[in-house]
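Below: data-v9.cif (mmCIF, C-alpha atoms)
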data_work
#
loop_
_atom_site.label_atom_id
_atom_site.label_comp_id
_atom_site.auth_asym_id
_atom_site.auth_seq_id
_atom_site.Cartn_x
_atom_site.Cartn_y
_atom_site.Cartn_z
CA MET A 422 120.46 93.08 111.57
CA LYS A 423 120.62 89.68 109.91
CA THR A 424 117.46 88.00 108.60
CA TRP A 425 116.67 84.30 108.93
CA PRO A 426 114.19 82.01 107.21
CA ILE A 427 110.70 82.55 108.62
CA ALA A 428 110.47 79.00 110.00
CA GLU A 429 113.53 79.69 112.18
CA VAL A 430 112.18 82.84 113.84
CA VAL A 431 108.41 82.34 114.16
CA PRO A 432 107.14 79.88 116.79
CA HIS A 433 104.64 78.33 114.36
CA ALA A 434 104.91 75.24 112.21
CA GLY A 435 103.76 74.00 108.82
CA GLU A 436 100.89 75.81 107.15
CA MET A 437 100.31 77.96 110.25
CA ILE A 438 103.31 80.01 109.11
CA LEU A 439 101.54 82.61 106.99
CA LEU A 440 104.57 84.69 105.97
CA ASP A 441 106.84 83.95 103.02
CA SER A 442 109.90 86.05 103.82
CA ILE A 443 111.54 88.85 105.72
CA GLU A 444 112.52 91.67 103.40
CA ALA A 445 114.08 94.08 105.91
CA ILE A 446 114.72 94.27 109.62
CA GLU A 447 115.98 97.09 111.80
CA ALA A 448 116.19 97.74 115.52
CA GLU A 449 112.50 98.74 115.81
CA ARG A 450 111.04 97.70 112.42
CA ILE A 451 110.45 94.70 110.19
CA VAL A 452 109.06 94.25 106.67
CA CYS A 453 107.68 90.84 105.67
CA MET A 454 106.07 89.52 102.51
CA ARG A 455 103.25 87.12 101.66
CA THR A 456 101.86 86.13 98.29
CA VAL A 457 98.22 85.04 98.49
CA ARG A 458 97.94 81.53 97.05
CA ALA A 459 94.65 79.74 96.39
CA ASP A 460 95.83 76.56 98.15
CA SER A 461 96.77 78.30 101.43
CA LEU A 462 95.17 78.13 104.82
CA PHE A 463 92.22 80.49 105.42
CA VAL A 464 91.52 81.27 101.74
CA ASP A 465 87.95 81.49 100.49
CA ALA A 466 86.49 79.32 97.71
CA ASP A 467 87.60 81.91 95.14
CA GLY A 468 91.20 81.79 96.41
CA SER A 469 91.13 85.16 98.17
CA LEU A 470 92.34 85.68 101.73
CA PRO A 471 89.77 87.38 104.00
CA ALA A 472 90.95 90.79 105.20
CA TRP A 473 90.54 89.76 108.85
CA VAL A 474 93.56 87.45 108.40
CA GLY A 475 95.57 90.65 108.06
CA VAL A 476 95.69 90.90 111.86
CA GLU A 477 97.46 87.51 112.00
CA LEU A 478 99.85 88.54 109.21
CA MET A 479 100.75 91.60 111.27
CA ALA A 480 101.13 89.52 114.45
CA GLN A 481 103.40 87.02 112.71
CA SER A 482 105.50 89.90 111.39
CA ILE A 483 105.97 91.04 115.00
CA ALA A 484 106.85 87.46 115.99
CA ALA A 485 109.43 87.36 113.18
CA TRP A 486 110.93 90.64 114.45
CA ALA A 487 111.19 89.24 117.99
CA GLY A 488 112.61 85.96 116.68
CA CYS A 489 115.30 87.75 114.66
CA ARG A 490 116.27 89.78 117.72
CA ALA A 491 116.45 86.61 119.82
CA ARG A 492 118.57 84.81 117.22
CA ALA A 493 120.89 87.83 116.93
CA ASP A 494 121.43 87.63 120.71
CA ASP A 495 121.98 83.83 120.59
CA GLN A 496 118.73 83.32 122.50
CA PRO A 497 115.92 80.88 121.74
CA VAL A 498 112.84 82.04 119.86
CA GLN A 499 110.10 82.48 122.45
CA LEU A 500 106.35 82.29 122.42
CA GLY A 501 104.47 85.58 122.48
CA PHE A 502 100.81 86.54 122.65
CA LEU A 503 98.65 88.91 120.66
CA LEU A 504 96.59 90.69 123.31
CA GLY A 505 94.56 92.84 120.99
CA THR A 506 94.36 95.32 118.19
CA ARG A 507 93.10 98.84 117.91
CA GLN A 508 91.52 100.37 114.90
CA TYR A 509 92.18 97.61 112.36
CA ALA A 510 91.10 99.16 109.08
CA CYS A 511 91.39 97.64 105.64
CA ASN A 512 90.16 99.12 102.38
CA VAL A 513 89.24 95.69 100.92
CA ASP A 514 87.13 92.78 102.19
CA ALA A 515 89.66 90.22 100.96
CA PHE A 516 93.18 90.04 99.54
CA PRO A 517 92.86 88.64 95.98
CA PRO A 518 94.80 85.56 94.86
CA GLY A 519 98.25 86.47 93.62
CA SER A 520 98.43 89.66 95.70
CA ARG A 521 101.93 90.26 97.03
CA LEU A 522 101.30 91.70 100.49
CA CYS A 523 103.94 93.77 102.24
CA MET A 524 103.58 93.84 106.04
CA GLU A 525 105.44 96.43 108.08
CA ALA A 526 105.56 96.49 111.89
CA VAL A 527 107.22 99.27 113.87
CA ARG A 528 107.61 99.03 117.64
CA SER A 529 106.25 102.19 119.26
CA PHE A 530 106.21 101.10 122.92
CA HIS A 531 107.69 98.40 125.14
CA ASP A 532 108.35 97.84 128.81
CA GLU A 533 110.56 95.60 130.92
CA HIS A 534 107.67 93.20 131.65
CA GLY A 535 107.28 92.06 128.03
CA MET A 536 104.45 94.32 126.88
CA GLY A 537 104.76 96.00 123.50
CA VAL A 538 102.77 98.01 120.98
CA PHE A 539 103.46 97.95 117.24
CA THR A 540 102.10 100.16 114.50
CA CYS A 541 101.45 97.84 111.56
CA SER A 542 100.42 98.09 107.94
CA ILE A 543 99.77 95.89 104.93
CA ASP A 544 100.33 97.29 101.45
CA ALA A 545 99.84 95.97 97.92
CA PRO A 546 98.55 97.63 94.73
CA GLY A 547 95.07 98.91 95.63
CA ILE A 548 95.30 97.48 99.17
CA ARG A 549 95.98 99.20 102.48
CA ALA A 550 95.41 97.94 106.03
CA ASP A 551 96.49 99.61 109.27
CA ALA A 552 96.35 98.68 112.94
CA ARG A 553 98.08 98.98 116.29
CA LEU A 554 98.75 95.62 117.91
CA THR A 555 99.41 95.05 121.60
CA VAL A 556 101.58 92.03 122.33
CA TYR A 557 103.03 90.29 125.37
CA ARG A 558 106.03 88.02 125.67
CA PRO A 559 106.51 86.51 129.12
CA ARG A 560 110.09 85.98 130.26
CA ASN A 561 109.35 82.29 130.77
CA ALA A 562 106.39 80.92 128.79
CA ASP A 563 106.32 77.59 130.69
CA ALA A 564 106.12 79.36 134.06
CA PHE A 565 103.49 81.71 132.65
CA PHE A 566 101.29 78.78 131.55
CA GLU A 567 101.71 77.10 134.93
CA GLN A 568 100.72 80.32 136.65
CA ILE A 569 97.56 80.87 134.60
CA ALA A 570 96.62 77.15 134.78
CA GLY A 571 96.60 77.40 138.56
CA GLU A 572 94.44 80.53 138.66
CA PRO A 573 90.70 80.15 139.26
CA LEU A 574 88.46 81.02 136.35
CA HIS A 575 86.78 84.40 136.86
CA VAL A 576 83.31 84.47 135.39
#

Serialized structure, structure tokens:
Amino acid sequence: MKTWPIAEVVPHAGEMILLDSIEAIEAERIVCMRTVRADSLFVDADGSLPAWVGVELMAQSIAAWAGCRARADDQPVQLGFLLGTRQYACNVDAFPPGSRLCMEAVRSFHDEHGMGVFTCSIDAPGIRADARLTVYRPRNADAFFEQIAGEPLHV
């Protein structure tokens, strides 16, 4: 499958795009890269990226996978939602400046309603993070927002 620049396949803009590139993409798998830079969004005073941002790196890798599939099918890139994660584990508290992080996401489940589960990892020398992310992509995001905007708030 063809790869595209990140900005063309992820429904984010500007500094909210946390990935640098797509290294590989297959039918059920994507590998993305990110180099931690001291001047980036979310970095600490020492230039390191908190490990909790790893969940967003994984989610954006999934978004890039979905965007590449959409582009390959001549469809628009659509908005998706991270519903949750299970068992996010990381062996470091933060990703040090200059670390070249390799994110892999592999789809392990999906259904016809837009639900999906991906097994994800982040690797770099001395760094390992793992999680399972549950995601949802409605068929029509505008209609989805209209639907939930009209629903009463359940407290």

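The closest residue to Ser520 (chain A), picked from A:Pro471, A:Arg455, A:Ala550, A:Phe463 and counting all atoms listed in the file, is A:Arg455.
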
With a distance cut-off of 12 Å and only C-alpha atoms, select the neighbouring residues of Cys511 (chain A), excluding the residue or stretch itself and same-chain residues fewer than 6 positions from it, and output the selection as a PyMOL selection string.
chain A and resi 471-476+541-545+547-552

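If you measure from each of A:Leu504, A:Ala493, A:Leu478, A:Val464 to Met422 (chain A) using only C-alpha atoms, the closest one turns out to be A:Ala493.
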
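Computed from the coordinates, the CA of Gly519 (chain A) to CA of Val457 (chain A) distance equals 5.1 Å.
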
Using all atoms listed in the file, which residues sit within 8 Å of Ile427 (chain A) once same-chain residues fewer than 6 positions away are excluded, as an mmCIF file with C-alpha atoms, in the coordinates of the input?
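Contents of around13.cif, freshly written:
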data_model
loop_
_atom_site.group_PDB
_atom_site.id
_atom_site.type_symbol
_atom_site.label_atom_id
_atom_site.label_comp_id
_atom_site.auth_asym_id
_atom_site.auth_seq_id
_atom_site.Cartn_x
_atom_site.Cartn_y
_atom_site.Cartn_z
ATOM 1 C CA ILE A 438 103.310 80.010 109.110
ATOM 2 C CA LEU A 440 104.570 84.690 105.970
ATOM 3 C CA ASP A 441 106.840 83.950 103.020
ATOM 4 C CA SER A 442 109.900 86.050 103.820
ATOM 5 C CA ILE A 443 111.540 88.850 105.720
ATOM 6 C CA ALA A 485 109.430 87.360 113.180
#

In terms of only C-alpha atoms, the residue from A:Ala428, A:Ala459, A:Ala466, A:Leu554 at minimal distance from Ala526 (chain A) is A:Leu554

List as a PDB file with C-alpha atoms, in the frame of the given file the residues having at least one atom at most 8 Å from position (101.9, 82.7, 120.3) as given in the file, counting all atoms listed in the file.
ATOM      1  CA  PRO A 432     107.140  79.880 116.790  1.00  0.00           C
ATOM      2  CA  HIS A 433     104.640  78.330 114.360  1.00  0.00           C
ATOM      3  CA  LEU A 500     106.350  82.290 122.420  1.00  0.00           C
ATOM      4  CA  GLY A 501     104.470  85.580 122.480  1.00  0.00           C
ATOM      5  CA  PHE A 502     100.810  86.540 122.650  1.00  0.00           C
ATOM      6  CA  LEU A 503      98.650  88.910 120.660  1.00  0.00           C
TER       7      LEU A 503
END

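Among the candidates A:Asp460, A:Glu477, A:Asp495, A:Glu449, the one nearest to Phe530 (chain A) when counting all atoms listed in the file is A:Glu449.
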